[in-house]
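J.: File name target-v3.cif; file contents mmCIF, C-alpha atoms; full text below.
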```
data_structure
#
loop_
_atom_site.label_atom_id
_atom_site.label_comp_id
_atom_site.auth_asym_id
_atom_site.auth_seq_id
_atom_site.Cartn_x
_atom_site.Cartn_y
_atom_site.Cartn_z
CA VAL A 29 -11.46 -22.16 5.68
CA HIS A 30 -12.23 -18.60 4.61
CA LEU A 31 -12.07 -15.82 7.13
CA ILE A 32 -13.67 -12.59 6.01
CA PRO A 33 -10.70 -10.20 5.72
CA VAL A 34 -10.84 -7.12 7.91
CA ASN A 35 -8.44 -4.53 6.73
CA PRO A 36 -5.38 -2.80 7.98
CA ALA A 37 -4.38 -3.06 11.60
CA ARG A 38 -2.37 -0.44 13.41
CA GLU A 39 0.95 1.25 12.79
CA ASP A 40 3.96 -1.05 12.74
CA GLY A 41 5.37 1.41 15.25
CA LEU A 42 8.80 0.99 13.71
CA ASN A 43 11.27 3.29 12.10
CA ALA A 44 14.46 2.58 10.24
CA LYS A 45 16.85 3.88 12.93
CA SER A 46 18.88 1.05 14.41
CA ARG A 47 20.85 0.51 17.57
CA LYS A 48 23.69 -1.92 18.05
CA ARG A 49 21.12 -4.69 18.37
CA ILE A 50 20.00 -4.03 14.79
CA MET A 51 16.57 -3.47 16.19
CA PRO A 52 14.36 -0.56 15.09
CA ASP A 53 13.29 1.88 17.81
CA LEU A 54 9.65 1.57 18.80
CA LEU A 55 7.62 4.72 18.33
CA THR A 56 4.57 5.67 20.36
CA GLU A 57 1.29 4.95 18.61
CA PRO A 58 -0.47 7.94 17.00
CA PRO A 59 -3.76 8.41 18.87
CA ALA A 60 -6.09 8.50 15.86
CA ILE A 61 -6.04 6.24 12.83
CA ASP A 62 -6.70 7.86 9.47
CA PRO A 63 -8.74 5.45 7.29
CA ILE A 64 -7.58 7.09 4.04
CA TYR A 65 -3.91 6.88 5.02
CA GLU A 66 -4.40 3.22 5.99
CA ALA A 67 -6.07 2.52 2.64
CA ARG A 68 -3.06 4.03 0.81
CA VAL A 69 -0.69 1.81 2.82
CA TYR A 70 -2.86 -1.18 1.88
CA CYS A 71 -2.68 -0.31 -1.85
CA ASN A 72 1.15 -0.33 -1.66
CA ILE A 73 1.54 1.63 -4.92
CA PRO A 74 5.18 1.16 -6.11
CA THR A 75 6.73 4.62 -5.97
CA ILE A 76 9.65 5.26 -3.64
CA ALA A 77 12.47 2.77 -3.05
CA GLU A 78 11.80 0.75 0.07
CA ARG A 79 14.13 0.69 3.07
CA SER A 80 14.33 -2.70 4.66
CA MET A 81 16.05 -4.49 7.56
CA GLU A 82 16.41 -7.87 5.86
CA GLY A 83 19.88 -9.43 5.95
CA HIS A 84 21.21 -7.39 8.91
CA ALA A 85 23.44 -9.28 11.35
CA PRO A 86 26.84 -9.00 13.06
CA HIS A 87 29.64 -9.71 10.55
CA TYR A 88 30.53 -13.10 12.09
CA PHE A 89 27.02 -14.51 11.49
CA LYS A 90 26.32 -16.55 8.35
CA LEU A 91 22.94 -16.59 6.61
CA VAL A 92 21.98 -20.21 5.90
CA SER A 93 18.29 -20.14 4.97
CA VAL A 94 15.47 -17.77 4.05
CA GLN A 95 11.77 -18.62 4.02
CA VAL A 96 9.35 -16.08 2.53
CA LEU A 97 5.55 -15.97 2.80
CA ILE A 98 3.93 -13.43 0.47
CA ARG A 99 0.48 -12.11 -0.23
CA HIS A 100 -0.27 -11.78 -3.96
CA GLY A 101 0.04 -8.33 -5.47
CA ASP A 102 -2.66 -5.82 -6.43
CA ARG A 103 -5.67 -7.52 -7.99
CA TYR A 104 -9.00 -6.74 -9.59
CA PRO A 105 -11.94 -7.06 -7.13
CA LEU A 106 -13.47 -10.43 -6.27
CA TYR A 107 -16.92 -8.82 -5.94
CA ALA A 108 -18.88 -6.35 -8.04
CA ILE A 109 -21.22 -3.66 -6.72
CA PRO A 110 -24.55 -4.57 -8.38
CA LYS A 111 -25.95 -2.23 -11.07
CA THR A 112 -22.73 -0.24 -11.43
CA LYS A 113 -20.13 -0.27 -14.19
CA ARG A 114 -17.09 -2.34 -13.26
CA PRO A 115 -13.87 -0.33 -12.66
CA ASP A 116 -12.10 0.06 -15.99
CA ILE A 117 -8.66 -1.46 -15.27
CA ASP A 118 -6.43 -2.86 -18.02
CA CYS A 119 -4.67 -6.11 -17.09
CA MET A 120 -2.43 -6.23 -20.18
CA LEU A 121 1.25 -5.80 -19.23
CA VAL A 122 2.58 -2.68 -20.96
CA PRO A 123 6.17 -1.79 -19.95
CA SER A 124 5.73 1.84 -21.06
CA ARG A 125 2.75 2.34 -18.73
CA LYS A 126 3.14 3.28 -15.06
CA PRO A 127 3.79 1.69 -12.66
CA SER A 128 6.54 -0.19 -14.48
CA HIS A 129 9.82 -1.94 -13.72
CA PRO A 130 13.12 -2.25 -15.65
CA GLN A 131 12.63 -6.03 -15.85
CA LEU A 132 8.97 -6.03 -16.86
CA GLU A 133 9.60 -6.44 -20.60
CA ALA A 134 12.05 -9.32 -20.09
CA PHE A 135 9.62 -10.90 -17.59
CA ILE A 136 6.82 -10.93 -20.20
CA LYS A 137 9.10 -12.57 -22.80
CA HIS A 138 10.34 -15.18 -20.33
CA MET A 139 6.85 -16.04 -19.08
CA SER A 140 5.60 -16.67 -22.61
CA LYS A 141 8.11 -19.58 -22.92
CA GLY A 142 7.97 -21.59 -19.72
CA SER A 143 7.18 -25.07 -21.08
CA ALA A 144 9.98 -26.75 -19.09
CA ALA A 145 8.61 -25.72 -15.66
CA GLN A 146 7.31 -28.38 -13.28
CA LEU A 147 3.94 -26.95 -12.28
CA ASP A 148 1.92 -29.20 -10.00
CA GLY A 149 -1.53 -30.44 -11.04
CA SER A 150 -3.91 -27.67 -12.04
CA LEU A 151 -1.18 -24.96 -11.87
CA SER A 152 0.03 -25.92 -15.37
CA SER A 153 -3.28 -24.75 -16.86
CA LEU A 154 -3.05 -21.26 -15.30
CA PRO A 155 -1.69 -18.28 -17.26
CA ARG A 156 1.81 -17.21 -16.15
CA TYR A 157 1.08 -13.50 -16.40
CA PRO A 158 -2.07 -11.33 -16.62
CA SER A 159 -3.20 -10.56 -20.15
CA HIS A 160 -6.78 -9.23 -20.40
CA SER A 161 -7.56 -5.73 -21.66
CA LEU A 162 -10.38 -5.58 -19.09
CA CYS A 163 -9.27 -7.39 -15.94
CA GLU A 164 -11.19 -10.50 -14.93
CA MET A 165 -12.43 -10.90 -11.35
CA GLY A 166 -9.49 -11.44 -8.97
CA GLU A 167 -6.90 -11.09 -11.73
CA LEU A 168 -3.44 -9.73 -10.89
CA THR A 169 -2.89 -6.25 -12.35
CA GLN A 170 0.28 -4.71 -13.79
CA THR A 171 0.70 -2.97 -10.41
CA GLY A 172 0.61 -6.41 -8.75
CA VAL A 173 3.32 -7.78 -11.07
CA VAL A 174 5.53 -4.72 -10.49
CA GLN A 175 5.09 -4.97 -6.69
CA HIS A 176 6.56 -8.48 -6.75
CA LEU A 177 9.30 -7.68 -9.28
CA ARG A 178 10.33 -5.03 -6.75
CA ASN A 179 10.12 -7.51 -3.85
CA GLY A 180 12.30 -9.98 -5.76
CA GLN A 181 14.84 -7.32 -6.69
CA LEU A 182 15.09 -6.08 -3.09
CA LEU A 183 15.59 -9.61 -1.74
CA ARG A 184 18.09 -10.39 -4.49
CA GLU A 185 20.29 -7.41 -3.60
CA ILE A 186 20.41 -8.59 0.03
CA TYR A 187 20.32 -12.39 -0.12
CA ILE A 188 22.03 -13.14 -3.45
CA ASN A 189 24.41 -10.22 -4.08
CA LYS A 190 25.39 -9.57 -0.45
CA HIS A 191 24.96 -12.89 1.38
CA LYS A 192 25.46 -15.33 -1.56
CA LEU A 193 22.57 -17.52 -0.39
CA LEU A 194 22.25 -19.00 -3.90
CA LEU A 195 25.20 -19.08 -6.32
CA SER A 196 24.96 -18.86 -10.11
CA ASP A 197 24.99 -22.69 -10.34
CA TRP A 198 22.01 -23.06 -7.96
CA THR A 199 19.96 -26.24 -8.25
CA ALA A 200 16.24 -27.02 -8.09
CA LYS A 201 16.78 -28.84 -4.76
CA GLN A 202 17.82 -25.57 -3.10
CA LEU A 203 14.33 -24.13 -3.66
CA TYR A 204 10.95 -25.04 -2.22
CA LEU A 205 8.08 -23.25 -3.98
CA GLU A 206 4.39 -23.55 -3.15
CA THR A 207 1.33 -21.56 -4.21
CA THR A 208 -2.44 -21.75 -3.97
CA GLY A 209 -4.29 -22.57 -7.17
CA LYS A 210 -5.18 -18.98 -8.13
CA SER A 211 -3.55 -17.28 -11.11
CA ARG A 212 -2.80 -14.20 -8.94
CA THR A 213 -0.70 -16.22 -6.46
CA LEU A 214 1.13 -18.21 -9.15
CA GLN A 215 1.90 -15.04 -11.14
CA SER A 216 3.04 -13.16 -8.01
CA ALA A 217 5.43 -16.02 -7.17
CA LEU A 218 6.84 -16.06 -10.71
CA ALA A 219 7.34 -12.26 -10.72
CA LEU A 220 9.24 -12.38 -7.42
CA LEU A 221 11.34 -15.38 -8.50
CA TYR A 222 12.12 -13.81 -11.88
CA SER A 223 13.80 -10.76 -10.32
CA PHE A 224 15.23 -12.71 -7.33
CA LEU A 225 17.02 -15.74 -8.77
CA PRO A 226 20.63 -15.39 -10.02
CA ASP A 227 19.44 -16.83 -13.34
CA PHE A 228 15.79 -17.68 -13.94
CA ASP A 229 15.82 -21.15 -15.49
CA TRP A 230 12.45 -22.79 -16.17
CA LYS A 231 13.96 -26.28 -15.93
CA LYS A 232 14.78 -25.64 -12.25
CA ILE A 233 11.36 -24.25 -11.33
CA SER A 234 9.18 -26.81 -9.56
CA MET A 235 6.02 -25.24 -8.12
CA ARG A 236 3.80 -27.22 -5.76
CA HIS A 237 0.07 -26.63 -5.59
CA GLN A 238 -1.48 -25.99 -2.14
CA TRP A 239 -5.26 -26.43 -2.15
CA SER A 240 -5.77 -24.82 1.28
CA THR A 241 -5.45 -21.04 1.80
CA ILE A 242 -4.01 -21.72 5.29
CA PHE A 243 -1.45 -24.19 3.85
CA CYS A 244 -2.51 -26.96 6.24
CA SER A 245 -1.59 -29.66 3.68
CA GLY A 246 -2.40 -33.08 5.19
CA SER A 247 -3.28 -31.73 8.67
CA CYS A 248 -6.45 -29.78 7.91
CA ASP A 249 -8.91 -31.73 10.05
CA CYS A 250 -9.31 -29.48 13.10
CA PRO A 251 -12.86 -29.09 14.49
CA MET A 252 -11.88 -26.51 17.15
CA ARG A 253 -10.25 -24.28 14.55
CA ASN A 254 -13.61 -24.16 12.75
CA HIS A 255 -15.37 -23.50 16.07
CA TYR A 256 -13.19 -20.44 16.83
CA LEU A 257 -13.61 -19.19 13.26
CA GLU A 258 -17.40 -19.33 13.61
CA GLU A 259 -17.21 -17.51 16.96
CA GLU A 260 -14.98 -14.84 15.38
CA GLN A 261 -17.43 -14.38 12.51
CA ARG A 262 -20.26 -13.94 15.05
CA ARG A 263 -18.19 -11.25 16.78
CA GLN A 264 -17.66 -9.49 13.43
CA TYR A 265 -21.39 -9.58 12.69
CA SER A 266 -22.30 -8.28 16.15
CA LEU A 267 -19.92 -5.31 15.83
CA ARG A 268 -21.29 -4.49 12.39
CA VAL A 269 -24.96 -4.38 13.45
CA LYS A 270 -24.07 -2.10 16.39
CA ASN A 271 -22.48 0.51 14.07
CA SER A 272 -25.27 2.97 13.20
CA ASP A 273 -22.99 5.14 11.00
CA LEU A 274 -22.13 2.09 8.93
CA GLU A 275 -25.81 1.14 8.59
CA LYS A 276 -26.73 4.67 7.39
CA ILE A 277 -23.93 4.56 4.79
CA TYR A 278 -25.10 1.16 3.50
CA VAL A 279 -28.72 2.38 3.27
CA ASP A 280 -27.55 5.48 1.36
CA MET A 281 -25.34 3.48 -1.04
CA ALA A 282 -28.14 0.95 -1.65
CA LYS A 283 -30.48 3.82 -2.62
CA ILE A 284 -27.87 5.19 -5.04
CA VAL A 285 -27.51 1.88 -6.87
CA GLY A 286 -31.19 0.91 -6.48
CA ILE A 287 -30.94 -2.41 -4.64
CA PRO A 288 -31.92 -3.65 -1.14
CA THR A 289 -29.39 -2.79 1.59
CA ARG A 290 -28.96 -6.48 2.38
CA GLN A 291 -27.92 -7.22 -1.21
CA LEU A 292 -25.38 -4.37 -1.22
CA ARG A 293 -23.80 -5.59 2.02
CA ALA A 294 -23.54 -9.12 0.60
CA SER A 295 -21.66 -7.77 -2.42
CA ASN A 296 -18.82 -6.67 -0.10
CA PRO A 297 -18.55 -3.14 -1.54
CA ILE A 298 -15.22 -2.34 0.20
CA ASP A 299 -13.39 -4.87 -1.98
CA SER A 300 -14.58 -3.13 -5.11
CA LEU A 301 -14.16 0.41 -3.69
CA LEU A 302 -10.54 -0.33 -2.74
CA CYS A 303 -9.84 -1.09 -6.41
CA TYR A 304 -11.27 2.31 -7.46
CA PHE A 305 -9.24 3.96 -4.69
CA CYS A 306 -5.93 2.16 -5.37
CA HIS A 307 -6.15 2.84 -9.11
CA ASN A 308 -7.30 6.45 -8.70
CA VAL A 309 -10.54 5.81 -10.60
CA SER A 310 -13.72 7.76 -9.70
CA PHE A 311 -16.19 5.83 -7.56
CA PRO A 312 -19.30 4.65 -9.47
CA CYS A 313 -22.29 6.91 -10.17
CA THR A 314 -25.92 6.28 -11.16
CA LYS A 315 -28.81 8.62 -12.09
CA THR A 316 -29.60 8.83 -8.36
CA GLY A 317 -26.15 9.98 -7.27
CA CYS A 318 -22.55 8.93 -6.71
CA ILE A 319 -20.81 6.73 -4.20
CA GLY A 320 -18.23 9.05 -2.63
CA MET A 321 -15.29 9.35 -0.28
CA GLU A 322 -17.63 9.75 2.71
CA HIS A 323 -19.03 6.24 2.07
CA PHE A 324 -15.56 4.78 1.64
CA ASN A 325 -14.29 6.52 4.78
CA VAL A 326 -17.01 5.14 7.07
CA ILE A 327 -16.65 1.55 5.80
CA LYS A 328 -12.86 1.73 6.09
CA ARG A 329 -13.05 3.18 9.61
CA HIS A 330 -15.32 0.32 10.65
CA GLN A 331 -12.77 -2.18 9.33
CA LEU A 332 -10.09 -0.58 11.50
CA GLU A 333 -12.37 -0.66 14.57
CA ASP A 334 -13.12 -4.30 13.82
CA GLU A 335 -9.39 -5.05 13.66
CA ARG A 336 -8.88 -3.39 17.05
CA GLU A 337 -11.71 -5.34 18.70
CA ARG A 338 -10.44 -8.53 17.06
CA GLN A 339 -7.12 -8.07 18.91
CA GLU A 340 -8.89 -7.57 22.25
CA LYS A 341 -11.40 -10.44 22.09
CA LYS A 342 -8.80 -13.17 21.36
CA LEU A 343 -11.16 -15.46 19.39
CA TYR A 344 -9.19 -14.79 16.23
CA PHE A 345 -5.94 -15.49 18.08
CA LEU A 346 -7.22 -18.95 19.13
CA TYR A 347 -8.32 -19.59 15.54
CA ALA A 348 -4.92 -18.40 14.27
CA LEU A 349 -2.91 -20.75 16.52
CA LEU A 350 -4.77 -23.79 15.20
CA ALA A 351 -4.97 -22.53 11.60
CA THR A 352 -1.24 -21.87 11.25
CA HIS A 353 0.32 -24.70 13.22
CA PRO A 354 0.73 -27.02 10.16
CA LEU A 355 2.54 -24.28 8.17
CA LEU A 356 4.70 -23.15 11.11
CA ASN A 357 5.52 -26.77 11.95
CA GLN A 358 6.69 -27.35 8.36
CA THR A 359 8.79 -24.17 8.62
CA VAL A 360 10.40 -25.23 11.92
CA ASN A 361 11.15 -28.76 10.67
CA ARG A 362 12.91 -27.35 7.63
CA LEU A 363 14.94 -24.88 9.70
CA GLN A 364 16.02 -27.70 12.02
CA ARG A 365 17.17 -29.84 9.07
CA ILE A 366 19.21 -26.94 7.68
CA ALA A 367 20.70 -26.22 11.12
CA GLU A 368 21.83 -29.87 11.16
CA GLY A 369 23.72 -29.31 7.90
CA LYS A 370 21.25 -30.23 5.13
CA LYS A 371 21.78 -28.08 2.02
CA GLU A 372 18.33 -28.52 0.45
CA GLU A 373 15.39 -26.08 0.42
CA ILE A 374 17.49 -23.16 1.66
CA PHE A 375 15.20 -20.68 -0.11
CA VAL A 376 11.47 -21.18 0.37
CA LEU A 377 8.61 -19.21 -1.15
CA TYR A 378 4.95 -19.62 -0.20
CA SER A 379 2.66 -17.50 -2.38
CA ALA A 380 -0.59 -16.91 -0.56
CA HIS A 381 -3.41 -14.57 0.49
CA ASP A 382 -4.31 -12.09 3.24
CA VAL A 383 -6.18 -14.96 4.96
CA THR A 384 -2.85 -16.84 5.09
CA LEU A 385 -0.58 -14.08 6.38
CA SER A 386 -3.00 -12.53 8.86
CA PRO A 387 -3.37 -15.60 11.11
CA VAL A 388 0.40 -16.30 10.95
CA LEU A 389 1.13 -12.78 12.28
CA SER A 390 -1.51 -13.22 14.97
CA ALA A 391 -0.21 -16.66 16.03
CA LEU A 392 3.37 -15.35 16.28
CA GLY A 393 2.13 -12.60 18.58
CA VAL A 394 3.02 -9.71 16.25
CA THR A 395 0.04 -7.60 17.33
CA GLU A 396 1.49 -4.31 16.05
CA ALA A 397 1.51 -5.50 12.43
CA ARG A 398 -0.85 -3.99 9.92
CA PHE A 399 -3.32 -6.17 8.05
CA PRO A 400 -1.43 -7.64 5.03
CA ARG A 401 -1.24 -5.07 2.24
CA PHE A 402 -0.98 -6.09 -1.41
CA ALA A 403 2.38 -7.86 -1.96
CA ALA A 404 3.09 -8.06 1.79
CA ARG A 405 6.06 -10.25 2.72
CA LEU A 406 6.90 -12.13 5.90
CA VAL A 407 10.47 -13.42 6.05
CA PHE A 408 12.10 -16.01 8.33
CA GLU A 409 15.92 -15.82 8.26
CA LEU A 410 18.11 -18.58 9.76
CA TRP A 411 21.60 -17.54 10.87
CA GLN A 412 24.59 -19.55 12.08
CA ASP A 413 26.87 -18.06 14.74
CA GLY A 414 30.38 -18.08 13.23
CA LYS A 415 31.98 -18.14 16.69
CA ARG A 416 29.81 -21.07 17.86
CA PRO A 417 28.81 -22.91 14.66
CA LYS A 418 26.37 -25.23 16.46
CA GLU A 419 24.25 -22.24 17.54
CA HIS A 420 21.51 -21.02 15.20
CA PHE A 421 19.27 -17.96 15.43
CA ILE A 422 16.24 -16.66 13.59
CA ARG A 423 15.07 -13.22 12.57
CA ILE A 424 11.47 -12.51 11.49
CA LEU A 425 10.73 -9.51 9.28
CA TYR A 426 7.42 -8.12 8.06
CA ASN A 427 7.54 -5.77 5.07
CA GLY A 428 11.19 -5.06 5.85
CA ALA A 429 10.66 -4.24 9.56
CA ASP A 430 12.34 -6.48 12.14
CA VAL A 431 9.51 -7.90 14.29
CA THR A 432 11.55 -10.73 15.90
CA PHE A 433 11.25 -9.31 19.41
CA GLN A 434 7.56 -8.52 19.05
CA THR A 435 6.86 -12.28 18.86
CA SER A 436 5.40 -13.89 21.98
CA PHE A 437 8.25 -16.44 22.20
CA CYS A 438 11.13 -13.94 21.98
CA LYS A 439 9.89 -10.86 23.87
CA ASP A 440 11.43 -11.93 27.18
CA TYR A 441 14.67 -13.16 25.59
CA TYR A 442 15.19 -9.68 24.14
CA LYS A 443 15.10 -8.13 27.61
CA ARG A 444 17.76 -10.51 28.97
CA SER A 445 20.19 -10.92 26.05
CA SER A 446 22.52 -8.74 24.01
CA LYS A 447 22.13 -11.00 20.93
CA PRO A 448 20.41 -9.28 17.99
CA MET A 449 18.37 -12.38 17.14
CA CYS A 450 16.24 -15.14 18.64
CA PRO A 451 17.65 -18.63 19.33
CA LEU A 452 16.15 -21.20 16.96
CA GLU A 453 15.19 -23.36 19.97
CA LYS A 454 12.78 -20.63 21.18
CA PHE A 455 10.87 -20.84 17.90
CA VAL A 456 10.99 -24.66 17.92
CA SER A 457 9.59 -24.99 21.45
CA PHE A 458 6.88 -22.42 20.64
CA VAL A 459 5.68 -24.38 17.61
CA LYS A 460 6.14 -27.87 19.06
CA ARG A 461 4.76 -27.19 22.56
CA ASP A 462 3.88 -23.65 23.69
CA MET A 463 1.26 -23.01 20.99
CA PHE A 464 -0.99 -25.58 22.67
CA LEU A 465 -0.72 -24.40 26.31
CA ILE A 466 -3.65 -21.98 25.96
CA PHE A 467 -5.81 -24.97 24.94
CA ASN A 468 -4.57 -27.01 27.94
CA SER A 469 -3.15 -29.48 25.39
CA THR A 470 0.21 -30.94 24.45
CA SER A 471 -0.33 -31.58 20.73
CA TYR A 472 -2.05 -30.17 17.65
CA TYR A 473 -4.32 -33.23 17.41
CA ASP A 474 -5.45 -32.85 21.01
CA ALA A 475 -5.89 -29.04 20.79
CA CYS A 476 -8.02 -29.51 17.65
CA ARG A 477 -10.44 -31.74 19.56
CA ARG A 478 -10.50 -30.39 23.14
CA ARG A 479 -13.60 -28.32 23.87
CA PRO A 480 -12.99 -25.12 25.91
CA LEU A 481 -13.93 -25.36 29.61
#
```
What does this structure look like when you write it as structure tokens?
T.:
Amino acid sequence: VHLIPVNPAREDGLNAKSRKRIMPDLLTEPPAIDPIYEARVYCNIPTIAERSMEGHAPHYFKLVSVQVLIRHGDRYPLYAIPKTKRPDIDCMLVPSRKPSHPQLEAFIKHMSKGSAAQLDGSLSSLPRYPSHSLCEMGELTQTGVVQHLRNGQLLREIYINKHKLLLSDWTAKQLYLETTGKSRTLQSALALLYSFLPDFDWKKISMRHQWSTIFCSGSCDCPMRNHYLEEEQRRQYSLRVKNSDLEKIYVDMAKIVGIPTRQLRASNPIDSLLCYFCHNVSFPCTKTGCIGMEHFNVIKRHQLEDERERQEKKLYFLYALLATHPLLNQTVNRLQRIAEGKKEEIFVLYSAHDVTLSPVLSALGVTEARFPRFAARLVFELWQDGKRPKEHFIRILYNGADVTFQTSFCKDYYKRSSKPMCPLEKFVSFVKRDMFLIFNSTSYYDACRRRPL
């Protein structure tokens, strides 16, 4: 299932100030969205140190498990604008070139060994780091590697150094690692793991291959999910044809590059233009003229309008519930096993795409979240109450912001309780039962087959 990505949503509406609840204060939404600012957020260029809320809890709580879902880092475009020169981006890793990372050189050396790793199926034939002097389509860039080295380092400082989630004698059984079969997701996972693990040992790395971008594993047969996806794509198309400014921009760009407007639209120019923008490279020119910021601005603004309408119309939400249930069910089952005392798979990493993270955020009810930027991370923390060891709680964080109480299943609990987290049972009953109520069903199988009234 491939949903056409529509880029960044609205402000997270969060700041780093915290009350006793360890909950960021909500800010009022700025009235106008700036497409250029949103594009910069999406690029996620590694510059300033990131402030994050991961690992925050009252002192008597014990962290027992962390599950992380990431989007791959910055990549070369998947589409080319016809009759223009491709953006000139170097995908060789050069530690002396910016953006860089203190561990980049050691990462390159370590990745060139790697024969002892257990890489599932076709993963073993993929390169472990990018290495082309002119990037190939969809290839991870040096920026993308650095983004995930930074993610790994940040999570290491919190989960390893502070909370001792994994000790220096960690074993392969304590990890569960899964990635789609693209080099950019495998390489992103390896970059994060390299700077996260107490000691990166190839013999303990066992990476599973997930063929589906929504990580539905053996539960992918869901006719109604496909129905809602088709309806959502119709909604997208309808909004696009109504936008006269967008049509004028496409006509103008098509004239510049000398192709029919229809062909330009099919080449998904925003994907390519974002690469020029993120890497500070001039947009392409021909003898007829140049594609400019005014073109980029209109297309980006339309994406943001599309995102807003997507929230209102709810078709995507219905798609998201059915698309993400298999992954969320796997997550909940693992958390339950750990809460019962199992010591395996206490750190989980899924390396995925925007079309993986976006429906998960929607299904959880985190409507304030932006569209997944490059190297976005969604974290599920499981905590044990030291005063009542049988009680377990979860926290959910998106790019370092605590979004636990934005979720549909914990909004009301937040109003009634002084606890800084959400009881695990709330998440369990949401995934096992409440996700299906909107479909007038009691199970995933039934919801996947029940036609709407």
J.: I'd like the contact shell of Leu349 (chain A) - 10 Å cut-off, only C-alpha atoms, skipping same-chain residues fewer than 4 positions apart - returned as number ranges by chain.
T.: A: 253, 344-345, 353-354, 356, 387-393, 459, 463-464, 466-467, 472, 475
J.: Work out how far CA of Glu368 (chain A) is from CA of Ser196 (chain A), in Å to one decimal.
T.: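 CA of Glu368 (chain A) lies at a distance of 24.2 Å from CA of Ser196 (chain A).
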J.: Have a look at A:Gln146, A:Thr359, A:Thr314, A:Ser272 and name the one nearest to Lys231 (chain A); count only C-alpha atoms.
T.: A:Gln146
J.: What is the CA of Arg114 (chain A)-CA of Tyr304 (chain A) distance in Å, reported with one decimal?
T.: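 CA of Arg114 (chain A) sits 9.4 Å away from CA of Tyr304 (chain A).
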J.: Return as a PDB file with C-alpha atoms, in the frame of the given file the set of residues that the PyMOL selection byres ((chain A and resi 326-340) around 8) yields on the displayed structure.
T.:
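So part.pdb came out as:
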```pdb
ATOM      1  CA  VAL A  34     -10.840  -7.120   7.910  1.00  0.00           C
ATOM      2  CA  ASN A  35      -8.440  -4.530   6.730  1.00  0.00           C
ATOM      3  CA  PRO A  36      -5.380  -2.800   7.980  1.00  0.00           C
ATOM      4  CA  ALA A  37      -4.380  -3.060  11.600  1.00  0.00           C
ATOM      5  CA  ARG A  38      -2.370  -0.440  13.410  1.00  0.00           C
ATOM      6  CA  ASP A  62      -6.700   7.860   9.470  1.00  0.00           C
ATOM      7  CA  PRO A  63      -8.740   5.450   7.290  1.00  0.00           C
ATOM      8  CA  ILE A  64      -7.580   7.090   4.040  1.00  0.00           C
ATOM      9  CA  ALA A  67      -6.070   2.520   2.640  1.00  0.00           C
ATOM     10  CA  GLU A 260     -14.980 -14.840  15.380  1.00  0.00           C
ATOM     11  CA  GLN A 264     -17.660  -9.490  13.430  1.00  0.00           C
ATOM     12  CA  LEU A 267     -19.920  -5.310  15.830  1.00  0.00           C
ATOM     13  CA  ARG A 268     -21.290  -4.490  12.390  1.00  0.00           C
ATOM     14  CA  ASN A 271     -22.480   0.510  14.070  1.00  0.00           C
ATOM     15  CA  ASP A 273     -22.990   5.140  11.000  1.00  0.00           C
ATOM     16  CA  LEU A 274     -22.130   2.090   8.930  1.00  0.00           C
ATOM     17  CA  ILE A 277     -23.930   4.560   4.790  1.00  0.00           C
ATOM     18  CA  ILE A 298     -15.220  -2.340   0.200  1.00  0.00           C
ATOM     19  CA  GLU A 322     -17.630   9.750   2.710  1.00  0.00           C
ATOM     20  CA  HIS A 323     -19.030   6.240   2.070  1.00  0.00           C
ATOM     21  CA  PHE A 324     -15.560   4.780   1.640  1.00  0.00           C
ATOM     22  CA  ASN A 325     -14.290   6.520   4.780  1.00  0.00           C
ATOM     23  CA  LYS A 341     -11.400 -10.440  22.090  1.00  0.00           C
ATOM     24  CA  LYS A 342      -8.800 -13.170  21.360  1.00  0.00           C
ATOM     25  CA  LEU A 343     -11.160 -15.460  19.390  1.00  0.00           C
ATOM     26  CA  TYR A 344      -9.190 -14.790  16.230  1.00  0.00           C
ATOM     27  CA  PHE A 345      -5.940 -15.490  18.080  1.00  0.00           C
ATOM     28  CA  THR A 395       0.040  -7.600  17.330  1.00  0.00           C
TER      29      THR A 395
END
```
J.: Do you know which residues the PyMOL selection byres ((chain A and resi 216) around 9) returns on this file, as a ChimeraX atom specification?
T.: /A:98-101,157,168,172-173,175-177,211-215,217-221,379,403
J.: Which of these residues is nearest to Asn254 (chain A), using all atoms listed in the file: A:His138, A:Arg479, A:Lys283, A:Lys126?
T.: A:Arg479
J.: Expand the PyMOL selection byres ((chain A and resi 158-167) around 6) into the explicit residue set it covers here, and present it as an NGL selection string.
T.: :A and (103-106 or 117-120 or 157 or 168 or 212)
J.: Which one is closest to Lys190 (chain A): A:Ala144, A:His87, A:Asp382, A:Ala351? Count all atoms listed in the file.
T.: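 Nearest to Lys190 (chain A): A:His87.
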J.: Pick the closest to Lys439 (chain A) from A:Ser295, A:Ser150, A:Cys248, A:Lys454: which is it, counting only C-alpha atoms?
T.: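 Of A:Ser295, A:Ser150, A:Cys248, A:Lys454, the one nearest Lys439 (chain A) is A:Lys454, counting only C-alpha atoms.
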J.: Taking all atoms listed in the file into account, name the residue in A:Glu373, A:Asp148, A:Glu82, A:Glu259 that is nearest to Trp239 (chain A).
T.: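 The closest residue to Trp239 (chain A) is A:Asp148.
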J.: Determine the nearest neighbour of Phe421 (chain A) from the options A:Thr241, A:Ser93, A:Ser266, A:Ser310, counting all atoms listed in the file.
T.: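 The shortest atom-to-atom distance to Phe421 (chain A) comes from A:Ser93.
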J.: Between CA of Leu225 (chain A) and CA of Ile188 (chain A), measure the distance and give it in Å to one decimal.
T.: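 We find that CA of Leu225 (chain A) and CA of Ile188 (chain A) lie 7.8 Å from each other.
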J.: Region 310-321 of chain A, all listed atoms, 6 Å padding on each side: what axis-aligned box centre and edge lengths in Å to one decimal come out, as JSON?
T.:
```
{"center_x": -21.7, "center_y": 7.3, "center_z": -6.2, "size_x": 27.9, "size_y": 17.3, "size_z": 23.8}
```
